[in-house]
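Dropping start.txt in here (compact mmCIF, N, CA and C atoms):
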```
# COMPACT_ATOMS: atom_id res chain seq x y z
N MET A 1 0.84 -1.17 0.00
CA MET A 1 0.00 0.00 0.00
C MET A 1 0.89 1.24 0.00
N ALA A 2 0.74 2.07 -0.96
CA ALA A 2 1.54 3.29 -1.07
C ALA A 2 0.84 4.44 -0.34
N THR A 3 1.64 5.23 0.33
CA THR A 3 1.09 6.40 1.00
C THR A 3 1.56 7.65 0.27
N ALA A 4 0.73 8.64 0.27
CA ALA A 4 1.07 9.90 -0.40
C ALA A 4 1.97 10.73 0.49
N ARG A 5 2.99 11.34 -0.12
CA ARG A 5 3.88 12.23 0.62
C ARG A 5 3.26 13.62 0.66
N PRO A 6 3.50 14.35 1.76
CA PRO A 6 3.05 15.74 1.77
C PRO A 6 3.75 16.52 0.66
N ASP A 7 3.12 17.59 0.21
CA ASP A 7 3.67 18.37 -0.90
C ASP A 7 5.06 18.92 -0.63
N TRP A 8 5.36 19.28 0.60
CA TRP A 8 6.64 19.90 0.91
C TRP A 8 7.75 18.89 1.16
N LEU A 9 7.44 17.60 1.17
CA LEU A 9 8.42 16.59 1.57
C LEU A 9 9.15 15.97 0.39
N HIS A 10 9.07 16.55 -0.78
CA HIS A 10 9.81 16.06 -1.93
C HIS A 10 10.28 17.25 -2.75
N LEU A 11 11.21 16.98 -3.64
CA LEU A 11 11.78 18.07 -4.43
C LEU A 11 11.26 18.08 -5.86
N GLU A 12 10.24 17.28 -6.16
CA GLU A 12 9.66 17.28 -7.50
C GLU A 12 9.07 18.66 -7.79
N GLY A 13 9.38 19.16 -8.96
CA GLY A 13 8.89 20.48 -9.33
C GLY A 13 9.77 21.63 -8.86
N SER A 14 10.84 21.32 -8.13
CA SER A 14 11.77 22.37 -7.72
C SER A 14 13.03 22.26 -8.59
N PRO A 15 13.86 23.29 -8.60
CA PRO A 15 15.07 23.24 -9.44
C PRO A 15 16.19 22.39 -8.84
N PHE A 16 15.97 21.72 -7.73
CA PHE A 16 17.01 20.98 -7.04
C PHE A 16 16.86 19.48 -7.26
N GLU A 17 17.97 18.77 -7.15
CA GLU A 17 17.97 17.32 -7.30
C GLU A 17 18.12 16.65 -5.95
N GLU A 18 17.51 15.49 -5.81
CA GLU A 18 17.59 14.77 -4.55
C GLU A 18 19.02 14.33 -4.23
N ASP A 19 19.80 14.00 -5.27
CA ASP A 19 21.19 13.57 -5.05
C ASP A 19 22.02 14.69 -4.43
N SER A 20 21.87 15.91 -4.94
CA SER A 20 22.64 17.02 -4.38
C SER A 20 22.20 17.31 -2.95
N PHE A 21 20.90 17.20 -2.68
CA PHE A 21 20.38 17.39 -1.33
C PHE A 21 20.97 16.35 -0.38
N ARG A 22 20.96 15.11 -0.80
CA ARG A 22 21.49 14.02 0.03
C ARG A 22 22.99 14.20 0.26
N ASN A 23 23.73 14.56 -0.77
CA ASN A 23 25.19 14.67 -0.64
C ASN A 23 25.62 15.79 0.30
N VAL A 24 24.99 16.97 0.19
CA VAL A 24 25.40 18.06 1.08
C VAL A 24 25.01 17.76 2.52
N TRP A 25 23.89 17.08 2.72
CA TRP A 25 23.48 16.76 4.09
C TRP A 25 24.30 15.61 4.67
N LEU A 26 24.75 14.67 3.85
CA LEU A 26 25.66 13.63 4.35
C LEU A 26 26.99 14.25 4.78
N LEU A 27 27.47 15.22 4.02
CA LEU A 27 28.69 15.92 4.40
C LEU A 27 28.50 16.67 5.72
N ALA A 28 27.38 17.36 5.86
CA ALA A 28 27.10 18.09 7.11
C ALA A 28 26.99 17.12 8.29
N LEU A 29 26.32 16.00 8.09
CA LEU A 29 26.18 15.02 9.18
C LEU A 29 27.52 14.39 9.56
N ALA A 30 28.36 14.15 8.57
CA ALA A 30 29.66 13.55 8.86
C ALA A 30 30.57 14.49 9.64
N THR A 31 30.55 15.77 9.30
CA THR A 31 31.45 16.71 9.95
C THR A 31 30.87 17.29 11.23
N TYR A 32 29.69 17.88 11.14
CA TYR A 32 29.06 18.51 12.30
C TYR A 32 28.40 17.46 13.19
N GLY A 33 27.70 16.53 12.58
CA GLY A 33 26.95 15.55 13.34
C GLY A 33 27.80 14.48 13.99
N VAL A 34 28.85 14.02 13.34
CA VAL A 34 29.68 12.96 13.90
C VAL A 34 31.01 13.50 14.41
N GLY A 35 31.78 14.13 13.54
CA GLY A 35 33.12 14.59 13.92
C GLY A 35 33.12 15.53 15.09
N ASP A 36 32.30 16.56 15.03
CA ASP A 36 32.24 17.54 16.11
C ASP A 36 31.70 16.92 17.39
N ILE A 37 30.65 16.14 17.29
CA ILE A 37 30.06 15.54 18.50
C ILE A 37 31.03 14.58 19.18
N VAL A 38 31.65 13.71 18.41
CA VAL A 38 32.56 12.72 19.01
C VAL A 38 33.77 13.39 19.65
N THR A 39 34.36 14.36 18.95
CA THR A 39 35.54 14.99 19.53
C THR A 39 35.20 15.88 20.72
N THR A 40 34.05 16.54 20.68
CA THR A 40 33.64 17.37 21.82
C THR A 40 33.35 16.52 23.04
N ILE A 41 32.66 15.40 22.85
CA ILE A 41 32.39 14.49 23.97
C ILE A 41 33.70 13.93 24.52
N THR A 42 34.63 13.61 23.65
CA THR A 42 35.92 13.10 24.10
C THR A 42 36.64 14.13 24.96
N ILE A 43 36.64 15.37 24.54
CA ILE A 43 37.29 16.42 25.33
C ILE A 43 36.54 16.66 26.64
N ALA A 44 35.21 16.77 26.55
CA ALA A 44 34.42 17.12 27.74
C ALA A 44 34.47 16.04 28.82
N TYR A 45 34.52 14.78 28.42
CA TYR A 45 34.43 13.71 29.41
C TYR A 45 35.74 12.98 29.69
N PHE A 46 36.67 13.00 28.76
CA PHE A 46 37.85 12.16 28.93
C PHE A 46 39.17 12.92 29.02
N SER A 47 39.16 14.21 28.72
CA SER A 47 40.40 14.97 28.80
C SER A 47 40.52 15.62 30.17
N ARG A 48 41.64 15.40 30.81
CA ARG A 48 41.89 16.03 32.11
C ARG A 48 42.54 17.40 31.95
N VAL A 49 43.01 17.68 30.76
CA VAL A 49 43.73 18.92 30.51
C VAL A 49 42.82 20.01 29.94
N HIS A 50 41.85 19.65 29.11
CA HIS A 50 41.03 20.62 28.39
C HIS A 50 39.60 20.64 28.93
N VAL A 51 38.96 21.78 28.75
CA VAL A 51 37.55 21.94 29.08
C VAL A 51 36.83 22.53 27.87
N GLU A 52 35.53 22.41 27.85
CA GLU A 52 34.74 22.97 26.76
C GLU A 52 34.79 24.49 26.82
N ALA A 53 35.11 25.13 25.70
CA ALA A 53 35.26 26.58 25.66
C ALA A 53 33.95 27.29 25.34
N ASN A 54 33.03 26.63 24.67
CA ASN A 54 31.77 27.25 24.30
C ASN A 54 30.87 27.30 25.53
N PRO A 55 30.50 28.49 26.01
CA PRO A 55 29.70 28.57 27.23
C PRO A 55 28.31 27.95 27.10
N ILE A 56 27.73 28.00 25.92
CA ILE A 56 26.40 27.40 25.73
C ILE A 56 26.49 25.88 25.80
N VAL A 57 27.49 25.31 25.15
CA VAL A 57 27.69 23.85 25.21
C VAL A 57 28.04 23.45 26.64
N ASN A 58 28.88 24.23 27.29
CA ASN A 58 29.27 23.93 28.67
C ASN A 58 28.06 23.95 29.60
N LEU A 59 27.17 24.93 29.42
CA LEU A 59 25.96 25.02 30.23
C LEU A 59 25.04 23.82 29.98
N ALA A 60 24.88 23.44 28.71
CA ALA A 60 24.03 22.29 28.37
C ALA A 60 24.57 21.01 29.00
N ILE A 61 25.89 20.84 28.98
CA ILE A 61 26.50 19.65 29.57
C ILE A 61 26.37 19.69 31.09
N ASP A 62 26.59 20.85 31.70
CA ASP A 62 26.47 20.97 33.16
C ASP A 62 25.05 20.70 33.64
N LEU A 63 24.05 21.23 32.92
CA LEU A 63 22.66 21.09 33.36
C LEU A 63 22.05 19.73 33.02
N PHE A 64 22.35 19.22 31.83
CA PHE A 64 21.66 18.03 31.35
C PHE A 64 22.58 16.88 30.95
N GLY A 65 23.87 17.06 31.12
CA GLY A 65 24.82 16.00 30.75
C GLY A 65 24.94 15.87 29.24
N GLY A 66 25.37 14.71 28.81
CA GLY A 66 25.55 14.46 27.39
C GLY A 66 24.26 14.56 26.60
N GLY A 67 23.14 14.22 27.24
CA GLY A 67 21.85 14.32 26.56
C GLY A 67 21.50 15.75 26.19
N GLY A 68 21.83 16.70 27.06
CA GLY A 68 21.59 18.10 26.75
C GLY A 68 22.44 18.58 25.59
N PHE A 69 23.68 18.12 25.57
CA PHE A 69 24.57 18.47 24.47
C PHE A 69 24.04 17.90 23.15
N LEU A 70 23.64 16.63 23.15
CA LEU A 70 23.12 16.01 21.94
C LEU A 70 21.81 16.66 21.50
N ALA A 71 20.96 17.01 22.46
CA ALA A 71 19.70 17.68 22.12
C ALA A 71 19.97 19.03 21.47
N MET A 72 20.96 19.75 21.97
CA MET A 72 21.31 21.04 21.39
C MET A 72 21.81 20.86 19.96
N LYS A 73 22.65 19.86 19.73
CA LYS A 73 23.17 19.59 18.38
C LYS A 73 22.03 19.19 17.45
N LEU A 74 21.11 18.35 17.91
CA LEU A 74 19.98 17.95 17.08
C LEU A 74 19.08 19.13 16.76
N LEU A 75 18.89 20.02 17.70
CA LEU A 75 18.07 21.20 17.46
C LEU A 75 18.67 22.05 16.34
N VAL A 76 19.97 22.22 16.36
CA VAL A 76 20.64 22.99 15.30
C VAL A 76 20.50 22.27 13.96
N LEU A 77 20.73 20.94 13.95
CA LEU A 77 20.61 20.18 12.71
C LEU A 77 19.19 20.25 12.15
N TYR A 78 18.19 20.06 12.99
CA TYR A 78 16.80 20.09 12.51
C TYR A 78 16.39 21.49 12.05
N ALA A 79 16.84 22.52 12.73
CA ALA A 79 16.53 23.89 12.30
C ALA A 79 17.13 24.16 10.93
N CYS A 80 18.37 23.76 10.73
CA CYS A 80 19.01 23.96 9.43
C CYS A 80 18.36 23.11 8.34
N LEU A 81 17.97 21.89 8.68
CA LEU A 81 17.28 21.03 7.74
C LEU A 81 15.93 21.63 7.35
N GLY A 82 15.22 22.17 8.32
CA GLY A 82 13.94 22.81 8.03
C GLY A 82 14.09 24.00 7.11
N ILE A 83 15.09 24.82 7.36
CA ILE A 83 15.35 25.98 6.49
C ILE A 83 15.68 25.51 5.08
N SER A 84 16.50 24.48 4.98
CA SER A 84 16.91 23.97 3.68
C SER A 84 15.73 23.40 2.90
N ILE A 85 14.88 22.63 3.56
CA ILE A 85 13.71 22.06 2.88
C ILE A 85 12.73 23.17 2.49
N TRP A 86 12.47 24.09 3.40
CA TRP A 86 11.56 25.19 3.11
C TRP A 86 12.06 26.00 1.90
N ALA A 87 13.35 26.31 1.91
CA ALA A 87 13.91 27.12 0.82
C ALA A 87 13.88 26.36 -0.49
N GLY A 88 14.20 25.07 -0.43
CA GLY A 88 14.25 24.29 -1.67
C GLY A 88 12.90 24.02 -2.26
N ARG A 89 11.95 23.76 -1.43
CA ARG A 89 10.63 23.38 -1.94
C ARG A 89 9.72 24.57 -2.20
N LEU A 90 9.71 25.51 -1.30
CA LEU A 90 8.74 26.59 -1.42
C LEU A 90 9.31 27.86 -2.06
N GLU A 91 10.58 28.13 -1.85
CA GLU A 91 11.14 29.40 -2.29
C GLU A 91 12.08 29.29 -3.48
N ASP A 92 12.54 28.09 -3.81
CA ASP A 92 13.51 27.88 -4.89
C ASP A 92 14.75 28.76 -4.73
N ASP A 93 15.23 28.90 -3.50
CA ASP A 93 16.36 29.76 -3.17
C ASP A 93 17.61 28.89 -3.00
N TYR A 94 18.56 29.04 -3.91
CA TYR A 94 19.78 28.21 -3.88
C TYR A 94 20.61 28.46 -2.63
N LEU A 95 20.72 29.73 -2.22
CA LEU A 95 21.54 30.05 -1.05
C LEU A 95 20.97 29.40 0.22
N LEU A 96 19.66 29.52 0.41
CA LEU A 96 19.06 28.92 1.60
C LEU A 96 18.94 27.41 1.49
N PHE A 97 18.95 26.88 0.29
CA PHE A 97 18.89 25.43 0.12
C PHE A 97 20.23 24.79 0.46
N TYR A 98 21.31 25.32 -0.11
CA TYR A 98 22.63 24.74 0.11
C TYR A 98 23.40 25.38 1.26
N GLY A 99 23.03 26.58 1.66
CA GLY A 99 23.76 27.29 2.69
C GLY A 99 23.82 26.61 4.04
N PRO A 100 22.67 26.20 4.62
CA PRO A 100 22.72 25.58 5.95
C PRO A 100 23.59 24.33 6.04
N PRO A 101 23.47 23.36 5.11
CA PRO A 101 24.35 22.20 5.26
C PRO A 101 25.82 22.51 5.00
N ILE A 102 26.09 23.43 4.08
CA ILE A 102 27.48 23.79 3.82
C ILE A 102 28.07 24.53 5.03
N LEU A 103 27.30 25.42 5.63
CA LEU A 103 27.75 26.10 6.84
C LEU A 103 28.02 25.11 7.97
N LEU A 104 27.11 24.15 8.16
CA LEU A 104 27.33 23.12 9.19
C LEU A 104 28.58 22.30 8.89
N ALA A 105 28.80 21.99 7.61
CA ALA A 105 29.99 21.21 7.25
C ALA A 105 31.27 22.00 7.53
N ILE A 106 31.26 23.29 7.23
CA ILE A 106 32.44 24.12 7.50
C ILE A 106 32.68 24.22 9.00
N VAL A 107 31.63 24.54 9.76
CA VAL A 107 31.77 24.64 11.22
C VAL A 107 32.21 23.30 11.81
N GLY A 108 31.59 22.22 11.35
CA GLY A 108 31.96 20.90 11.85
C GLY A 108 33.40 20.53 11.55
N THR A 109 33.87 20.86 10.35
CA THR A 109 35.26 20.56 9.98
C THR A 109 36.23 21.37 10.82
N VAL A 110 35.96 22.66 10.98
CA VAL A 110 36.86 23.52 11.76
C VAL A 110 36.90 23.07 13.22
N ILE A 111 35.74 22.85 13.81
CA ILE A 111 35.71 22.47 15.23
C ILE A 111 36.30 21.08 15.43
N THR A 112 36.03 20.16 14.53
CA THR A 112 36.64 18.83 14.64
C THR A 112 38.16 18.94 14.54
N GLY A 113 38.66 19.77 13.63
CA GLY A 113 40.10 19.97 13.50
C GLY A 113 40.71 20.57 14.76
N ILE A 114 40.04 21.57 15.30
CA ILE A 114 40.53 22.19 16.55
C ILE A 114 40.54 21.17 17.68
N ASN A 115 39.44 20.43 17.81
CA ASN A 115 39.35 19.43 18.88
C ASN A 115 40.41 18.33 18.73
N LEU A 116 40.63 17.88 17.49
CA LEU A 116 41.68 16.86 17.28
C LEU A 116 43.05 17.44 17.60
N GLY A 117 43.28 18.68 17.24
CA GLY A 117 44.54 19.32 17.58
C GLY A 117 44.75 19.39 19.08
N LEU A 118 43.69 19.70 19.83
CA LEU A 118 43.79 19.73 21.29
C LEU A 118 44.02 18.34 21.87
N LEU A 119 43.33 17.36 21.33
CA LEU A 119 43.47 16.00 21.86
C LEU A 119 44.85 15.42 21.63
N PHE A 120 45.46 15.75 20.50
CA PHE A 120 46.76 15.17 20.17
C PHE A 120 47.93 16.09 20.50
N SER A 121 47.68 17.18 21.20
CA SER A 121 48.79 18.08 21.55
C SER A 121 49.39 17.70 22.91
```

Rewrite the structure of this file - the entire thing - as structure tokens.
Amino acid sequence: MATARPDWLHLEGSPFEEDSFRNVWLLALATYGVGDIVTTITIAYFSRVHVEANPIVNLAIDLFGGGGFLAMKLLVLYACLGISIWAGRLEDDYLLFYGPPILLAIVGTVITGINLGLLFS
């Protein structure tokens, strides 16, 4: 039995391709979603020399532990995903379609690099 997708949940009729959408979001998830999260958790919980420098992340970890940190990361990912889907489907805006995942990938790569540098120094 096939179910109908909501109108906004596909890219048919928009100038964007599903492959490009999937590729930029896989890159964002690999860098921001995995690299940044794993290295930040490693520093926050296992490093005796370093502490988390971001006060918002530090507050989330202090108040709610690792779950608060992961919830904060998921909130950012879902907000960016929502902007990207909205822009791609309803507005046909290339900047808002590709911008959020590319920005997350850049931030994730930089922070992962910094964290790895701290861990191996």

Item to check | Distance in Å - atom C of Phe97 (chain A) versus atom C of Ile56 (chain A) | outcome: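 According to the coordinates, atom C of Phe97 (chain A) and atom C of Ile56 (chain A) are separated by 26.1 Å.
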
Item to check | Point-to-point distance from atom N of Ile114 (chain A) to atom N of Leu96 (chain A), Å rounded to tenths | outcome: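 Separating atom N of Ile114 (chain A) from atom N of Leu96 (chain A) is a distance of 26.5 Å.
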
Item to check | Spatial neighbours of region 62-70 of chain A, max dist 10 Å, only C-alpha atoms, sep filter under 3 positions, as a PyMOL selection string | outcome: chain A and resi 33+37+40-41+44-45+56-59+73-76

Next on the checklist: Residues proximal to (27.7, 20.8, 6.6) were defined as those with any atom within 12 Å of that point in the file's coordinates, counting only C-alpha atoms. Which are they, as number ranges by chain?
Outcome noted: A: 21-36, 76-77, 80-81, 84, 97-111

Item to check | Interatomic distance (Å, one decimal) between atom N of Tyr78 (chain A) and atom C of Leu95 (chain A) | outcome: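 Between atom N of Tyr78 (chain A) and atom C of Leu95 (chain A) the gap is 16.1 Å.
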
Output, as JSON, the centre and edge lengths in Å (one decimal) of the axis-aligned box that contains all listed atoms of region 26-40 of chain A with 8 Å of margin on each side.
```
{"center_x": 30.1, "center_y": 15.6, "center_z": 13.4, "size_x": 26.8, "size_y": 21.8, "size_z": 35.2}
```

Item to check | Nearest to Asn115 (chain A), chosen from A:Gly88, A:Ile83, A:Ser47, A:Ala60, with only C-alpha atoms counted in the distances | outcome: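 That would be A:Ser47, the residue with the smallest distance to Asn115 (chain A).
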